[in-house]
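S.K.: The structure follows.
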Amino acid sequence: MIFDNPIIWSDVPDIDVIRVGDVFYMSSTTMHLNPGVPIMKSTDLVNWEIVNYVYDVLEENDEQLLNNGKNEYGKGSWASSLRFHNNTFYLAVASFSTDKTYIFQTDDIENGEWKKSSITGVYHDMSLLFDEGHVYMVYGGGDIRVIELTSDATAIKEGGLDKVIIPNASLIAGTNVGLPAEGAHIQKIDGKYYVFLITWPKGEGRTQLMFRADKIDGDYEGRIALDDSGIAQGGIVDTVHGDWYAMLFQDHGAVGRTPFIVPIEWQDGWPIHKNEKQSARESAPIPAIVSSDEFNQALVDNNSSYLANIEALDDKGFKLPLVWQWNHNPDRKYWSLSERPGYLRLKNSRVCNRILEARNMLTQRTFGPECSGQAAIEISDMKDGDIAGLAALQENYGFVGVKATSDGNFIVMVKGDSEEEQELEMIPTTSDRVYFKIDFDFKKMIDQAFFYYSLDGEDWHSIGDHLQMRYTIPHFMGYRFGLFNFATITSGGFVDFDYFRLSDQIATENID
């Protein structure tokens, strides 16, 4: 198989990959974004597309609704486990904002709806195993535990297996422990039980560990599987031709955590992770998990798979492509693709203080080594205090947009974080249509974003200052493009986004 790492130069963390026949499916963490837990499909482990999501919204508490000063940044879906057993797909995922572990089931992973059950408590980095009539979940940090579920995988089995199976699992990598072992992936292969974990020694990078035993609760022996550039955390999968690969990820700066393929060679019953092909590439194609959007969507047929993801539909049944996710739970009454065909309308339902509190912010991933996104917005229906535009979204954010005031409209560039915000430049405008663009430079982890505006979509002007991007744990995601509109004084205003267009090239001309 020919590939270059990272196979997707974009934020696809905590991956779990399975093969069903000759097709591979992959799930990933999406934290506070909805719909949540994307299901991606591939026939070669290299090229992936999003085909479904596991849930529309996980819950509707203050944290998910951005109410009463609460949020669930970095606390929504967390490190899922994807499995296929007896013609049913299962996915387990935990949420720190709800203090629950959820187990979803469907018989149609690409088009079906998922049935949800939940268990009280966060079973950290859990991994499911269906084994000869038993259902197990391996989880934990430091000490790795196993707990047994009921046969339908909906609850903890009373009197079932519940014990530590690998105590202090980090120690095989030494005593200089920064992050205790976690990120469990359990697999049964040729009668043996394999548990893959990561640890993070102080001052070093993520390290992949592997353990094996003859019984689920037997004596596990362990080894370092891979210690190379922080590439770690994941399981292994085989192809129809009998080749094996580890599917891992690497912390890649502000763009996020990027998936890597590592070839496997079996030796004496151990899956040896090979070091070849692990240098990060200098270029990459635009991944299929992002796309431009002209917002010319058609009405969804009643039999469409999109009906399984209701938050992708407006209240008239018009759909958003699966590349889009909302920041926190959306409110379907206040966005539309049908009120003005050919445009995305974002309406303000309430007043808030800043962009991190804004409902109905529509996002999709950035990607490396560099990318650019631009949006055209019509603004004649904004109200005093409304702010709308295009954002580089993470805890340390920046945006270029238009601010409506009683003295007129102003094009603004703003930088901020969870504590404070700074307006770096304001330029008056009388135009009813404005264009915004953000360039992202992720080459060699430069991690800088640059902001531009235009009044005709051709001649671009730099505004404000560049944003030095930083990947932060409170949001725990790579930077995203965000289309937003929020009110600071009174609700009821709206803007219309005509398009969002992506490029894998950043500005080199027509800029002043």
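We label chains A, B, ... in the order they appear in the structure tokens, count residues from 1 in each chain, and number ligands from 1 in the order shown.
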Within 12 Å of Lys157 (chain A), counting only C-alpha atoms, which residues show up once you throw out same-chain ones fewer than 5 positions away? Write them as a ChimeraX atom specification, please.

M.R.: /A:119,134-137,146-152,162

S.K.: Deliver the residues from the most recent selection as a file, using N, CA and C atoms, as a CSV table (one decimal), in the first residue's frame.

M.R.:
chain,number,residue,atom,x,y,z
A,119,ILE,N,-24.7,4.6,30.6
A,119,ILE,CA,-24.2,4.1,31.9
A,119,ILE,C,-23.7,5.3,32.7
A,134,HIS,N,-19.7,-13.0,25.8
A,134,HIS,CA,-19.5,-11.9,26.8
A,134,HIS,C,-19.2,-10.6,26.1
A,135,VAL,N,-19.6,-9.5,26.8
A,135,VAL,CA,-19.3,-8.2,26.3
A,135,VAL,C,-18.4,-7.5,27.3
A,136,TYR,N,-17.2,-7.1,27.0
A,136,TYR,CA,-16.3,-6.4,27.9
A,136,TYR,C,-16.1,-5.0,27.5
A,137,MET,N,-15.7,-4.2,28.5
A,137,MET,CA,-15.2,-2.8,28.2
A,137,MET,C,-13.9,-2.6,29.0
A,146,VAL,N,-11.1,-3.8,33.4
A,146,VAL,CA,-12.1,-4.4,32.6
A,146,VAL,C,-13.4,-4.5,33.4
A,147,ILE,N,-14.5,-4.2,32.7
A,147,ILE,CA,-15.8,-4.4,33.3
A,147,ILE,C,-16.7,-5.1,32.3
A,148,GLU,N,-17.6,-5.9,32.8
A,148,GLU,CA,-18.4,-6.7,31.9
A,148,GLU,C,-19.8,-6.0,31.7
A,149,LEU,N,-20.3,-6.0,30.5
A,149,LEU,CA,-21.6,-5.5,30.2
A,149,LEU,C,-22.6,-6.6,30.0
A,150,THR,N,-23.9,-6.3,30.0
A,150,THR,CA,-24.9,-7.2,29.7
A,150,THR,C,-24.8,-7.6,28.2
A,151,SER,N,-25.4,-8.7,27.8
A,151,SER,CA,-25.2,-9.3,26.5
A,151,SER,C,-25.7,-8.4,25.4
A,152,ASP,N,-26.6,-7.5,25.7
A,152,ASP,CA,-27.1,-6.5,24.7
A,152,ASP,C,-26.3,-5.2,24.8
A,162,ASP,N,-15.1,-7.5,36.8
A,162,ASP,CA,-14.8,-6.1,37.2
A,162,ASP,C,-13.5,-6.1,38.0

S.K.: Based on the backbone DSSP call, show me all residues of region 4-107 of chain A assigned alpha helix (DSSP H), as number ranges by chain.

M.R.: A: 62-65

S.K.: Selected residues, all heavy atoms, written as a PDB file, in the first residue's frame, please.

M.R.:
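So the final result, stored in result16.pdb, reads:
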ATOM      1  N   ASP A  62     -27.572  22.737  30.106  1.00  0.00           N
ATOM      2  CA  ASP A  62     -26.971  24.068  29.953  1.00  0.00           C
ATOM      3  C   ASP A  62     -25.633  24.010  29.241  1.00  0.00           C
ATOM      4  O   ASP A  62     -25.298  24.896  28.451  1.00  0.00           O
ATOM      5  CB  ASP A  62     -26.801  24.727  31.330  1.00  0.00           C
ATOM      6  CG  ASP A  62     -28.106  25.290  31.874  1.00  0.00           C
ATOM      7  OD1 ASP A  62     -29.097  25.341  31.113  1.00  0.00           O
ATOM      8  OD2 ASP A  62     -28.138  25.670  33.060  1.00  0.00           O
ATOM      9  N   GLU A  63     -24.843  22.970  29.519  1.00  0.00           N
ATOM     10  CA  GLU A  63     -23.517  22.871  28.907  1.00  0.00           C
ATOM     11  C   GLU A  63     -23.611  22.756  27.399  1.00  0.00           C
ATOM     12  O   GLU A  63     -22.821  23.368  26.658  1.00  0.00           O
ATOM     13  CB  GLU A  63     -22.765  21.662  29.466  1.00  0.00           C
ATOM     14  CG  GLU A  63     -22.301  21.807  30.903  1.00  0.00           C
ATOM     15  CD  GLU A  63     -23.399  21.473  31.913  1.00  0.00           C
ATOM     16  OE1 GLU A  63     -24.543  21.160  31.495  1.00  0.00           O
ATOM     17  OE2 GLU A  63     -23.118  21.518  33.122  1.00  0.00           O
ATOM     18  N   GLN A  64     -24.546  21.967  26.908  1.00  0.00           N
ATOM     19  CA  GLN A  64     -24.666  21.786  25.462  1.00  0.00           C
ATOM     20  C   GLN A  64     -25.360  22.963  24.784  1.00  0.00           C
ATOM     21  O   GLN A  64     -25.177  23.198  23.598  1.00  0.00           O
ATOM     22  CB  GLN A  64     -25.457  20.506  25.150  1.00  0.00           C
ATOM     23  CG  GLN A  64     -24.729  19.222  25.503  1.00  0.00           C
ATOM     24  CD  GLN A  64     -24.876  18.870  26.966  1.00  0.00           C
ATOM     25  OE1 GLN A  64     -25.918  19.090  27.567  1.00  0.00           O
ATOM     26  NE2 GLN A  64     -23.818  18.327  27.549  1.00  0.00           N
ATOM     27  N   LEU A  65     -26.169  23.702  25.553  1.00  0.00           N
ATOM     28  CA  LEU A  65     -26.946  24.807  24.985  1.00  0.00           C
ATOM     29  C   LEU A  65     -26.289  26.166  25.179  1.00  0.00           C
ATOM     30  O   LEU A  65     -26.847  27.196  24.796  1.00  0.00           O
ATOM     31  CB  LEU A  65     -28.336  24.826  25.627  1.00  0.00           C
ATOM     32  CG  LEU A  65     -29.198  23.588  25.369  1.00  0.00           C
ATOM     33  CD1 LEU A  65     -30.459  23.630  26.206  1.00  0.00           C
ATOM     34  CD2 LEU A  65     -29.544  23.468  23.900  1.00  0.00           C
TER      35      LEU A  65
END

S.K.: Skipping near chain neighbours, those fewer than 6 positions away, what residues fall within 7 Å of Tyr453 (chain A) using only C-alpha atoms, listed as a short mmCIF file (atom, residue, chain, number, x, y, z; two decimals) with N, CA and C atoms, in the first residue's frame?

M.R.:
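Okay, this is what ended up in result14.cif:
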data_model
loop_
_atom_site.label_atom_id
_atom_site.label_comp_id
_atom_site.auth_asym_id
_atom_site.auth_seq_id
_atom_site.Cartn_x
_atom_site.Cartn_y
_atom_site.Cartn_z
N TYR A 435 -16.95 40.54 1.99
CA TYR A 435 -16.24 39.29 1.77
C TYR A 435 -15.13 39.18 2.80
N PHE A 436 -15.00 38.01 3.39
CA PHE A 436 -13.97 37.79 4.40
C PHE A 436 -13.16 36.55 4.06
N LYS A 437 -11.89 36.58 4.46
CA LYS A 437 -11.00 35.45 4.17
C LYS A 437 -10.02 35.27 5.32
N TRP A 460 -8.29 42.17 -2.15
CA TRP A 460 -8.32 41.85 -0.73
C TRP A 460 -7.42 42.78 0.07
N HIS A 461 -7.83 43.07 1.29
CA HIS A 461 -7.09 43.97 2.16
C HIS A 461 -6.84 43.27 3.50
N SER A 462 -5.58 43.30 3.92
CA SER A 462 -5.23 42.76 5.23
C SER A 462 -5.83 43.63 6.33
#

S.K.: Rank A:Asp498, A:Asp407, A:Glu458, A:Glu72 by their smallest atom-to-atom distance to Pro341 (chain A), using only C-alpha atoms, and report the top residue only.

M.R.: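 Of the candidates, the smallest distance to Pro341 (chain A) is held by A:Asp498.
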
S.K.: Considering only C-alpha atoms, can you say which of A:Ile156, A:Leu337, A:Met210, A:Ala449 comes closest to Ala184 (chain A)?

M.R.: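 Going through A:Ile156, A:Leu337, A:Met210, A:Ala449 one by one, the smallest distance to Ala184 (chain A) is for A:Met210.
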
S.K.: Got a sec: who's within 10 Å of Arg212 (chain A), counting only C-alpha atoms, leaving out chain neighbours fewer than 4 positions off, as a count of residues only?

M.R.: 17

S.K.: Using only C-alpha atoms, which of A:Met361, A:Val54, A:Ala79, A:Ile165 sits nearest Val138 (chain A)?

M.R.: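 With only C-alpha atoms as the atom set, the closest residue is A:Ile165.
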
S.K.: Give me the residues near Asp107 (chain A) as a list in words, where near means some atom within 9 Å (using only C-alpha atoms) and where sequence neighbours in that chain fewer than 4 positions away do not count.

M.R.: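 Once the adjacent positions are removed, what remains is Asn87, Thr88, Phe89, Tyr90, Gly112, Glu113 and Trp114 of chain A.
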
S.K.: Generate the output file for the selected residues, N, CA, C and O atoms, as an mmCIF file, in the first residue's frame.

M.R.:
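The result, stored in part18.cif:
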data_model
loop_
_atom_site.group_PDB
_atom_site.id
_atom_site.type_symbol
_atom_site.label_atom_id
_atom_site.label_comp_id
_atom_site.auth_asym_id
_atom_site.auth_seq_id
_atom_site.Cartn_x
_atom_site.Cartn_y
_atom_site.Cartn_z
ATOM 1 N N ASN A 87 -23.785 -8.646 12.907
ATOM 2 C CA ASN A 87 -24.492 -7.759 11.985
ATOM 3 C C ASN A 87 -24.962 -6.448 12.616
ATOM 4 O O ASN A 87 -25.822 -5.754 12.052
ATOM 5 N N THR A 88 -24.415 -6.106 13.763
ATOM 6 C CA THR A 88 -24.752 -4.849 14.419
ATOM 7 C C THR A 88 -23.471 -4.063 14.682
ATOM 8 O O THR A 88 -22.455 -4.626 15.091
ATOM 9 N N PHE A 89 -23.539 -2.761 14.423
ATOM 10 C CA PHE A 89 -22.429 -1.868 14.748
ATOM 11 C C PHE A 89 -22.675 -1.261 16.125
ATOM 12 O O PHE A 89 -23.795 -0.849 16.446
ATOM 13 N N TYR A 90 -21.627 -1.204 16.920
ATOM 14 C CA TYR A 90 -21.689 -0.628 18.265
ATOM 15 C C TYR A 90 -20.660 0.490 18.363
ATOM 16 O O TYR A 90 -19.550 0.378 17.824
ATOM 17 N N GLY A 112 -28.139 4.586 8.796
ATOM 18 C CA GLY A 112 -29.109 4.339 9.845
ATOM 19 C C GLY A 112 -29.036 5.292 11.017
ATOM 20 O O GLY A 112 -28.077 6.029 11.200
ATOM 21 N N GLU A 113 -30.097 5.275 11.801
ATOM 22 C CA GLU A 113 -30.107 5.957 13.084
ATOM 23 C C GLU A 113 -29.512 5.033 14.141
ATOM 24 O O GLU A 113 -29.547 3.812 14.012
ATOM 25 N N TRP A 114 -28.998 5.640 15.191
ATOM 26 C CA TRP A 114 -28.338 4.890 16.250
ATOM 27 C C TRP A 114 -29.222 4.885 17.508
ATOM 28 O O TRP A 114 -29.664 5.934 17.967
#

S.K.: Taking only C-alpha atoms into account, which of A:Gly76, A:Gly183, A:Pro35, A:Gly408 comes nearest Ala94 (chain A)?

M.R.: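 The shortest atom-to-atom distance to Ala94 (chain A) comes from A:Gly76.
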
S.K.: Report the residues of region 152-317 of chain A whose backbone DSSP state falls under strand (DSSP E or B), written as a tab-separated table (two decimals) with N, CA, C and O atoms, in the first residue's frame.

M.R.:
chain	number	residue	atom	x	y	z
A	156	ILE	N	-24.18	-2.28	32.79
A	156	ILE	CA	-23.18	-3.09	33.49
A	156	ILE	C	-23.83	-4.40	33.93
A	156	ILE	O	-24.95	-4.41	34.46
A	162	ASP	N	-15.09	-7.48	36.83
A	162	ASP	CA	-14.82	-6.09	37.18
A	162	ASP	C	-13.52	-6.06	37.96
A	162	ASP	O	-13.51	-6.32	39.17
A	163	LYS	N	-12.40	-5.76	37.29
A	163	LYS	CA	-11.11	-5.82	37.99
A	163	LYS	C	-10.03	-5.07	37.20
A	163	LYS	O	-10.21	-4.75	36.02
A	164	VAL	N	-8.93	-4.80	37.88
A	164	VAL	CA	-7.73	-4.29	37.22
A	164	VAL	C	-7.06	-5.44	36.51
A	164	VAL	O	-6.83	-6.50	37.10
A	165	ILE	N	-6.75	-5.24	35.22
A	165	ILE	CA	-6.05	-6.30	34.49
A	165	ILE	C	-4.60	-5.94	34.19
A	165	ILE	O	-3.77	-6.83	34.01
A	166	ILE	N	-4.28	-4.63	34.13
A	166	ILE	CA	-2.89	-4.22	33.92
A	166	ILE	C	-2.60	-3.10	34.92
A	166	ILE	O	-2.88	-1.92	34.65
A	177	VAL	N	7.03	9.14	34.45
A	177	VAL	CA	5.68	9.19	33.88
A	177	VAL	C	5.12	10.61	33.93
A	177	VAL	O	5.04	11.22	35.01
A	178	GLY	N	4.73	11.13	32.77
A	178	GLY	CA	4.01	12.40	32.73
A	178	GLY	C	2.52	12.15	32.66
A	178	GLY	O	1.76	12.60	33.50
A	179	LEU	N	2.09	11.38	31.67
A	179	LEU	CA	0.69	10.97	31.52
A	179	LEU	C	0.62	9.47	31.72
A	179	LEU	O	1.20	8.71	30.96
A	180	PRO	N	-0.10	9.01	32.76
A	180	PRO	CA	-0.24	7.56	32.96
A	180	PRO	C	-0.91	6.90	31.76
A	180	PRO	O	-1.65	7.56	31.01
A	181	ALA	N	-0.68	5.62	31.61
A	181	ALA	CA	-1.20	4.87	30.46
A	181	ALA	C	-2.71	5.03	30.33
A	181	ALA	O	-3.45	4.97	31.32
A	182	GLU	N	-3.16	5.25	29.09
A	182	GLU	CA	-4.59	5.40	28.80
A	182	GLU	C	-4.79	5.11	27.32
A	182	GLU	O	-3.92	4.59	26.65
A	183	GLY	N	-5.98	5.48	26.80
A	183	GLY	CA	-6.26	5.28	25.38
A	183	GLY	C	-6.38	3.83	24.99
A	183	GLY	O	-5.89	3.40	23.93
A	184	ALA	N	-7.06	3.02	25.81
A	184	ALA	CA	-7.12	1.58	25.60
A	184	ALA	C	-7.82	1.20	24.29
A	184	ALA	O	-8.85	1.77	23.93
A	185	HIS	N	-7.23	0.24	23.59
A	185	HIS	CA	-7.86	-0.45	22.46
A	185	HIS	C	-7.60	-1.94	22.68
A	185	HIS	O	-6.45	-2.38	22.67
A	186	ILE	N	-8.67	-2.72	22.91
A	186	ILE	CA	-8.51	-4.16	23.10
A	186	ILE	C	-9.00	-4.90	21.86
A	186	ILE	O	-10.02	-4.55	21.27
A	187	GLN	N	-8.24	-5.90	21.47
A	187	GLN	CA	-8.59	-6.73	20.33
A	187	GLN	C	-8.21	-8.17	20.62
A	187	GLN	O	-7.17	-8.43	21.25
A	188	LYS	N	-9.03	-9.10	20.17
A	188	LYS	CA	-8.71	-10.52	20.28
A	188	LYS	C	-8.30	-11.02	18.91
A	188	LYS	O	-9.07	-10.93	17.95
A	189	ILE	N	-7.07	-11.51	18.81
A	189	ILE	CA	-6.50	-11.94	17.54
A	189	ILE	C	-5.87	-13.31	17.72
A	189	ILE	O	-5.00	-13.49	18.59
A	192	LYS	N	-5.53	-14.71	21.29
A	192	LYS	CA	-4.86	-13.91	22.31
A	192	LYS	C	-5.53	-12.54	22.44
A	192	LYS	O	-6.09	-12.01	21.49
A	193	TYR	N	-5.43	-11.98	23.64
A	193	TYR	CA	-6.01	-10.68	23.94
A	193	TYR	C	-4.90	-9.62	23.91
A	193	TYR	O	-3.90	-9.75	24.64
A	194	TYR	N	-5.07	-8.63	23.07
A	194	TYR	CA	-4.09	-7.56	22.93
A	194	TYR	C	-4.71	-6.25	23.41
A	194	TYR	O	-5.83	-5.90	23.01
A	195	VAL	N	-3.97	-5.53	24.24
A	195	VAL	CA	-4.40	-4.21	24.71
A	195	VAL	C	-3.34	-3.20	24.29
A	195	VAL	O	-2.15	-3.35	24.65
A	196	PHE	N	-3.75	-2.20	23.52
A	196	PHE	CA	-2.85	-1.14	23.07
A	196	PHE	C	-3.16	0.11	23.89
A	196	PHE	O	-4.32	0.48	24.08
A	197	LEU	N	-2.12	0.76	24.38
A	197	LEU	CA	-2.24	1.93	25.24
A	197	LEU	C	-1.22	2.98	24.82
A	197	LEU	O	-0.32	2.70	24.03
A	198	ILE	N	-1.35	4.16	25.40
A	198	ILE	CA	-0.28	5.15	25.27
A	198	ILE	C	0.13	5.62	26.66
A	198	ILE	O	-0.65	5.56	27.62
A	199	THR	N	1.35	6.07	26.76
A	199	THR	CA	1.80	6.82	27.93
A	199	THR	C	2.61	7.99	27.41
A	199	THR	O	2.95	8.05	26.22
A	200	TRP	N	2.91	8.93	28.29
A	200	TRP	CA	3.62	10.15	27.86
A	200	TRP	C	4.69	10.47	28.90
A	200	TRP	O	4.44	11.19	29.86
A	201	PRO	N	5.90	9.94	28.72
A	201	PRO	CA	6.99	10.24	29.65
A	201	PRO	C	7.28	11.74	29.68
A	201	PRO	O	7.14	12.44	28.67
A	207	THR	N	3.99	7.68	23.64
A	207	THR	CA	4.62	6.39	23.37
A	207	THR	C	3.55	5.32	23.32
A	207	THR	O	2.71	5.22	24.22
A	208	GLN	N	3.56	4.52	22.26
A	208	GLN	CA	2.57	3.45	22.10
A	208	GLN	C	3.05	2.20	22.83
A	208	GLN	O	4.21	1.76	22.68
A	209	LEU	N	2.15	1.64	23.66
A	209	LEU	CA	2.44	0.42	24.41
A	209	LEU	C	1.55	-0.71	23.90
A	209	LEU	O	0.45	-0.46	23.38
A	210	MET	N	2.00	-1.95	24.09
A	210	MET	CA	1.15	-3.09	23.77
A	210	MET	C	1.34	-4.18	24.81
A	210	MET	O	2.43	-4.41	25.32
A	211	PHE	N	0.23	-4.82	25.14
A	211	PHE	CA	0.21	-5.91	26.12
A	211	PHE	C	-0.56	-7.08	25.52
A	211	PHE	O	-1.44	-6.89	24.66
A	212	ARG	N	-0.23	-8.30	26.00
A	212	ARG	CA	-0.99	-9.46	25.54
A	212	ARG	C	-1.14	-10.46	26.68
A	212	ARG	O	-0.33	-10.51	27.61
A	213	ALA	N	-2.22	-11.24	26.57
A	213	ALA	CA	-2.49	-12.30	27.56
A	213	ALA	C	-3.31	-13.37	26.88
A	213	ALA	O	-3.87	-13.18	25.79
A	221	GLU	N	1.67	-9.47	29.59
A	221	GLU	CA	3.05	-9.03	29.40
A	221	GLU	C	3.04	-7.87	28.42
A	221	GLU	O	2.20	-7.83	27.51
A	222	GLY	N	3.97	-6.94	28.61
A	222	GLY	CA	3.91	-5.74	27.80
A	222	GLY	C	5.24	-5.35	27.18
A	222	GLY	O	6.31	-5.77	27.64
A	223	ARG	N	5.16	-4.53	26.15
A	223	ARG	CA	6.32	-3.99	25.46
A	223	ARG	C	6.00	-2.58	24.98
A	223	ARG	O	4.84	-2.19	24.85
A	224	ILE	N	7.07	-1.82	24.68
A	224	ILE	CA	6.90	-0.58	23.94
A	224	ILE	C	6.67	-0.94	22.48
A	224	ILE	O	7.48	-1.66	21.88
A	225	ALA	N	5.56	-0.48	21.93
A	225	ALA	CA	5.25	-0.79	20.54
A	225	ALA	C	5.88	0.22	19.59
A	225	ALA	O	6.34	-0.15	18.50
A	226	LEU	N	5.88	1.50	19.97
A	226	LEU	CA	6.41	2.54	19.09
A	226	LEU	C	6.76	3.77	19.92
A	226	LEU	O	5.95	4.23	20.71
A	232	ALA	N	1.08	7.78	18.23
A	232	ALA	CA	0.59	6.79	19.18
A	232	ALA	C	-0.92	6.87	19.29
A	232	ALA	O	-1.57	7.74	18.70
A	236	ILE	N	-5.00	-1.82	15.82
A	236	ILE	CA	-4.48	-2.34	14.58
A	236	ILE	C	-5.63	-2.95	13.77
A	236	ILE	O	-6.66	-3.32	14.33
A	237	VAL	N	-5.44	-3.03	12.46
A	237	VAL	CA	-6.48	-3.55	11.58
A	237	VAL	C	-5.81	-4.27	10.42
A	237	VAL	O	-4.71	-3.90	10.00
A	238	ASP	N	-6.48	-5.30	9.91
A	238	ASP	CA	-5.92	-6.04	8.78
A	238	ASP	C	-6.71	-5.72	7.51
A	238	ASP	O	-7.82	-5.21	7.55
A	244	TRP	N	-1.29	-6.00	7.85
A	244	TRP	CA	-1.73	-5.36	9.09
A	244	TRP	C	-1.13	-3.97	9.21
A	244	TRP	O	0.02	-3.73	8.82
A	245	TYR	N	-1.93	-3.06	9.80
A	245	TYR	CA	-1.48	-1.69	10.01
A	245	TYR	C	-2.00	-1.18	11.36
A	245	TYR	O	-3.12	-1.53	11.77
A	246	ALA	N	-1.18	-0.38	12.01
A	246	ALA	CA	-1.66	0.37	13.18
A	246	ALA	C	-2.22	1.69	12.69
A	246	ALA	O	-1.64	2.35	11.82
A	247	MET	N	-3.35	2.09	13.26
A	247	MET	CA	-3.99	3.36	12.93
A	247	MET	C	-3.86	4.26	14.15
A	247	MET	O	-4.57	4.08	15.15
A	248	LEU	N	-2.94	5.21	14.10
A	248	LEU	CA	-2.56	6.04	15.24
A	248	LEU	C	-2.73	7.52	14.88
A	248	LEU	O	-3.23	7.85	13.81
A	249	PHE	N	-2.33	8.41	15.78
A	249	PHE	CA	-2.35	9.83	15.44
A	249	PHE	C	-1.16	10.52	16.08
A	249	PHE	O	-0.47	9.98	16.95
A	250	GLN	N	-0.91	11.75	15.62
A	250	GLN	CA	0.20	12.55	16.13
A	250	GLN	C	-0.29	13.96	16.46
A	250	GLN	O	-1.07	14.54	15.70
A	251	ASP	N	0.12	14.50	17.59
A	251	ASP	CA	-0.14	15.91	17.90
A	251	ASP	C	0.62	16.76	16.88
A	251	ASP	O	1.85	16.68	16.80
A	257	ARG	N	-4.80	16.94	15.86
A	257	ARG	CA	-4.20	15.62	15.95
A	257	ARG	C	-4.50	14.84	14.68
A	257	ARG	O	-5.66	14.59	14.35
A	258	THR	N	-3.44	14.45	13.96
A	258	THR	CA	-3.58	13.95	12.60
A	258	THR	C	-3.33	12.44	12.52
A	258	THR	O	-2.39	11.93	13.15
A	259	PRO	N	-4.14	11.70	11.75
A	259	PRO	CA	-4.00	10.24	11.67
A	259	PRO	C	-2.77	9.80	10.91
A	259	PRO	O	-2.41	10.37	9.87
A	260	PHE	N	-2.14	8.75	11.42
A	260	PHE	CA	-0.96	8.13	10.81
A	260	PHE	C	-1.22	6.64	10.62
A	260	PHE	O	-1.87	6.00	11.45
A	261	ILE	N	-0.67	6.09	9.55
A	261	ILE	CA	-0.64	4.64	9.32
A	261	ILE	C	0.77	4.13	9.62
A	261	ILE	O	1.75	4.72	9.16
A	262	VAL	N	0.85	3.05	10.38
A	262	VAL	CA	2.14	2.42	10.66
A	262	VAL	C	2.04	0.94	10.29
A	262	VAL	O	1.20	0.22	10.84
A	263	PRO	N	2.88	0.46	9.37
A	263	PRO	CA	2.84	-0.96	8.99
A	263	PRO	C	3.17	-1.87	10.18
A	263	PRO	O	3.97	-1.51	11.05
A	264	ILE	N	2.54	-3.03	10.19
A	264	ILE	CA	2.74	-4.03	11.24
A	264	ILE	C	3.36	-5.29	10.64
A	264	ILE	O	2.95	-5.75	9.58
A	265	GLU	N	4.33	-5.84	11.34
A	265	GLU	CA	4.91	-7.13	10.99
A	265	GLU	C	4.84	-8.04	12.22
A	265	GLU	O	5.31	-7.67	13.29
A	266	TRP	N	4.22	-9.19	12.07
A	266	TRP	CA	4.05	-10.09	13.21
A	266	TRP	C	5.32	-10.90	13.45
A	266	TRP	O	5.86	-11.51	12.53
A	267	GLN	N	5.78	-10.90	14.70
A	267	GLN	CA	6.95	-11.68	15.10
A	267	GLN	C	6.67	-12.32	16.45
A	267	GLN	O	6.42	-11.62	17.44
A	270	TRP	N	3.76	-11.06	18.36
A	270	TRP	CA	3.71	-9.64	18.68
A	270	TRP	C	3.54	-8.83	17.40
A	270	TRP	O	4.22	-9.07	16.40
A	271	PRO	N	2.66	-7.82	17.39
A	271	PRO	CA	2.52	-6.94	16.23
A	271	PRO	C	3.59	-5.84	16.28
A	271	PRO	O	3.43	-4.82	16.95
A	272	ILE	N	4.65	-6.05	15.56
A	272	ILE	CA	5.78	-5.12	15.58
A	272	ILE	C	5.47	-3.93	14.70
A	272	ILE	O	5.23	-4.07	13.50
A	273	HIS	N	5.50	-2.73	15.30
A	273	HIS	CA	5.22	-1.49	14.58
A	273	HIS	C	6.50	-1.04	13.88
A	273	HIS	O	7.53	-0.80	14.52
A	293	ASP	N	-18.85	25.22	-0.09
A	293	ASP	CA	-20.30	25.09	-0.08
A	293	ASP	C	-20.92	26.37	-0.65
A	293	ASP	O	-20.68	27.46	-0.14
A	299	LEU	N	-34.14	20.12	-1.46
A	299	LEU	CA	-34.97	19.49	-0.43
A	299	LEU	C	-34.61	18.02	-0.33
A	299	LEU	O	-34.44	17.32	-1.33
A	313	LEU	N	-30.53	19.34	8.96
A	313	LEU	CA	-31.69	19.80	8.20
A	313	LEU	C	-32.24	21.08	8.81
A	313	LEU	O	-32.35	21.20	10.03

S.K.: Report, in Å with one decimal, the straight-line distance from CA of Ser127 (chain A) to CA of Glu59 (chain A).

M.R.: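 The value is 22.2 Å.
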
S.K.: Set the distance at 8 Å and use only C-alpha atoms: which residues neighbour region 344-353 of chain A once local chain neighbours fewer than 6 positions away are removed? I'd like the list as a list of chain:residue names.

M.R.: A:Phe295, A:Tyr334, A:Trp335, A:Ser336, A:Leu337, A:Asn360, A:Phe484, A:Asn485, A:Phe486, A:Ala487, A:Thr488, A:Ile489, A:Thr490, A:Ser491, A:Gly492, A:Gly493, A:Phe494, A:Val495, A:Asp496, A:Phe497, A:Asp498, A:Tyr499

S.K.: Any idea what's packed within 7 Å of Ile438 (chain A), counting only C-alpha atoms, ignoring anything in its chain fewer than 5 positions away? Could you give it as a ChimeraX atom specification?

M.R.: /A:372-374,449-452

S.K.: At most 9 Å is the cut-off: for each residue in region 184-258 of chain A with any atom that close to an atom of region 466-480 of chain A, write down the nearest atom pair and the distance in Å rounded to one decimal, counting only C-alpha atoms, chain first then increasing number, as JSON lines.

M.R.:
{"residue": "A:His252", "atom": "CA", "partner": "A:Gly478", "partner_atom": "CA", "distance": 8.9}
{"residue": "A:Gly253", "atom": "CA", "partner": "A:Tyr471", "partner_atom": "CA", "distance": 6.1}
{"residue": "A:Ala254", "atom": "CA", "partner": "A:Tyr471", "partner_atom": "CA", "distance": 4.6}
{"residue": "A:Val255", "atom": "CA", "partner": "A:Gly478", "partner_atom": "CA", "distance": 4.6}
{"residue": "A:Gly256", "atom": "CA", "partner": "A:Gly478", "partner_atom": "CA", "distance": 3.7}
{"residue": "A:Arg257", "atom": "CA", "partner": "A:Gly478", "partner_atom": "CA", "distance": 7.0}
